[in-house]
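Okay, so here's the structure we're looking at.
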Amino acid sequence: MDATSTYVAEAGPVIRTVPANPQRPRSSFLRSYLSSHKGGITTVVLTGLLSSLSSFLLTLIIGDFFMLQFQTGSSKGKLLAWLGIRLHTVQDFFWIFGGLLLFKFISSFYEGYLSARQGERFVKELRHILFTAQIMSPAEQFAGKPFGNYLLRYSNDLKAVQNCLTRGVLGGIKHFLFVLTGLFLLLRINLLLGLISAGLFLLIVTVVAVLSAGQKKYIRESRTRRSNLLAFVTRSFSRFRHIKQENSEDQVLDKYERRAGLLYKANLANGKAESFIQSVAYLLQFGMIGCLLWVMTWKAAVYSAADGLIVVLLLLLMQGAVRNLLKVPSYLNKGRISLDKIRELTHQQSLPIA
């Protein structure tokens with residue numbers, strides 16, 4: 001009989017049966033979930049996009065306040081007029097500003113909640129597949145590994161898989177659309193500055209993606225050492241009486257210290273790699289703003305103060321989204337490594353069809 005992975009919906013009934021193929025790619029769990037929850041995933045993306053648009057509008061509309069209150073020209077006001085938003089009085093500003101704040105609150109709440117629900121649902125279904133695979137495995141095969149290794153899948157690996165979906169896939173889409181919207185607005189304000197911003201953004205993404213690919217070996221080493229330590233602790237506790245009878249506590253502590261030391265070194269190496277990547281990201285982000293400010297000093301190009309100010313403000317608004325977007329490769333790497341481990345466990349034996 002072919003192995004079969006059964007996905008279970010939040011309420012409990014089976015919603016999809018996916019034949020398990022030993023050659024199946026590691027991402028098939030994630031692909032199957034995304035394809036079977038297209039409506040929910042689309043809703044999360046749309047609410048995230050609406051939340052992002054409200055952030056841009058809140059920033060732009062503040063420029064209209066100064067134009068109305070102090071009777072000054074504003075590049076922001078022109079951009080809002082292009083978007084179809086026209087304010088005639090300060091009272092109009094406060095009405096629309098209040099409405100945008102409420103809309104931002106509602107869209108942000110639902111985007112966060114729906115994204116978290118998709119992550120929990122994905123982990124619930126994956127946990128069901130994993131537990132079914134393990135409980136149905138032959139006794140000899142299950143006993144071949146310390147069950148601490150199995151327990152690790154339910155904590156560390158499933159959390160990494162959840163982050164892979166919520167912060168990697170869904171978060172990546174959200175932040176990418178946010179940055180794309182910001183670049184589009186920059187192009188509308190000033191074509192040259194917008195093109196330079198887009199080119200620098202692609203450069204930053206490329207550099208961080210290359211660095212993140214090199215982090216995989218550190219992540220794997222950290223996971224392996226953590227798994228070994230947990231397995232040793234579990235095995236030691238299961239032999240507690242035997243250890244006491246032989247008075248071998250000191251030997252057990254020595255073995256624990258060696259494993260704990262290796263985990264400590266592996267975690268430090270991984271932390272150093274991740275800190276380096278994030279530091280490079282910060283450097284490139286603010287370097288991008290500095291580069292644009294330098295371009296504005298060119299005598300051959302003429303920029304108004306309002307154009308330059310709104311460009312910088314939009315770039316600062318995009319900083320958070322760019323920073324989170326640059327973290328996406330790390331979440332995807334950790335999630336893929338965990339999916340690899342889960343796939344190996346679920347395909348080591350045949351599962352009955354539910």
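Chain lettering (A, B, ...) mirrors the order of the structure tokens, residue numbering begins at 1 for each chain separately, and ligand numbering begins at 1 in order of display.
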
Contacts of Ala273 of chain A within 9 Å, only C-alpha atoms, excl. fewer than 5 positions in-chain, as an MDAnalysis selection string: chainID A and resid 211:212 214:215 218 268 278

Best match for closeness to Leu186 of chain A among A:Leu229, A:Ala133, A:Leu53, A:Ala198, counting only C-alpha atoms: A:Ala198

Of the listed residues A:Phe178, A:Phe65, A:Tyr33, A:Phe131, that which approaches Ile342 of chain A most closely, counting only C-alpha atoms: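 Smallest distance to Ile342 of chain A is found for A:Phe131.
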
All residues 6 Å or closer to segment 319-336 of chain A, only C-alpha atoms, same chain fewer than 5 positions away omitted, as a list in words: Ala160, Val161, Cys164, Gly168, Gly172 and His175 of chain A

Nearest to Leu46 of chain A by atom-to-atom distance, counting only C-alpha atoms, from A:Ala281, A:Ile96, A:Leu177, A:Ile135: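 Result for the nearest residue to Leu46 of chain A: A:Leu177.
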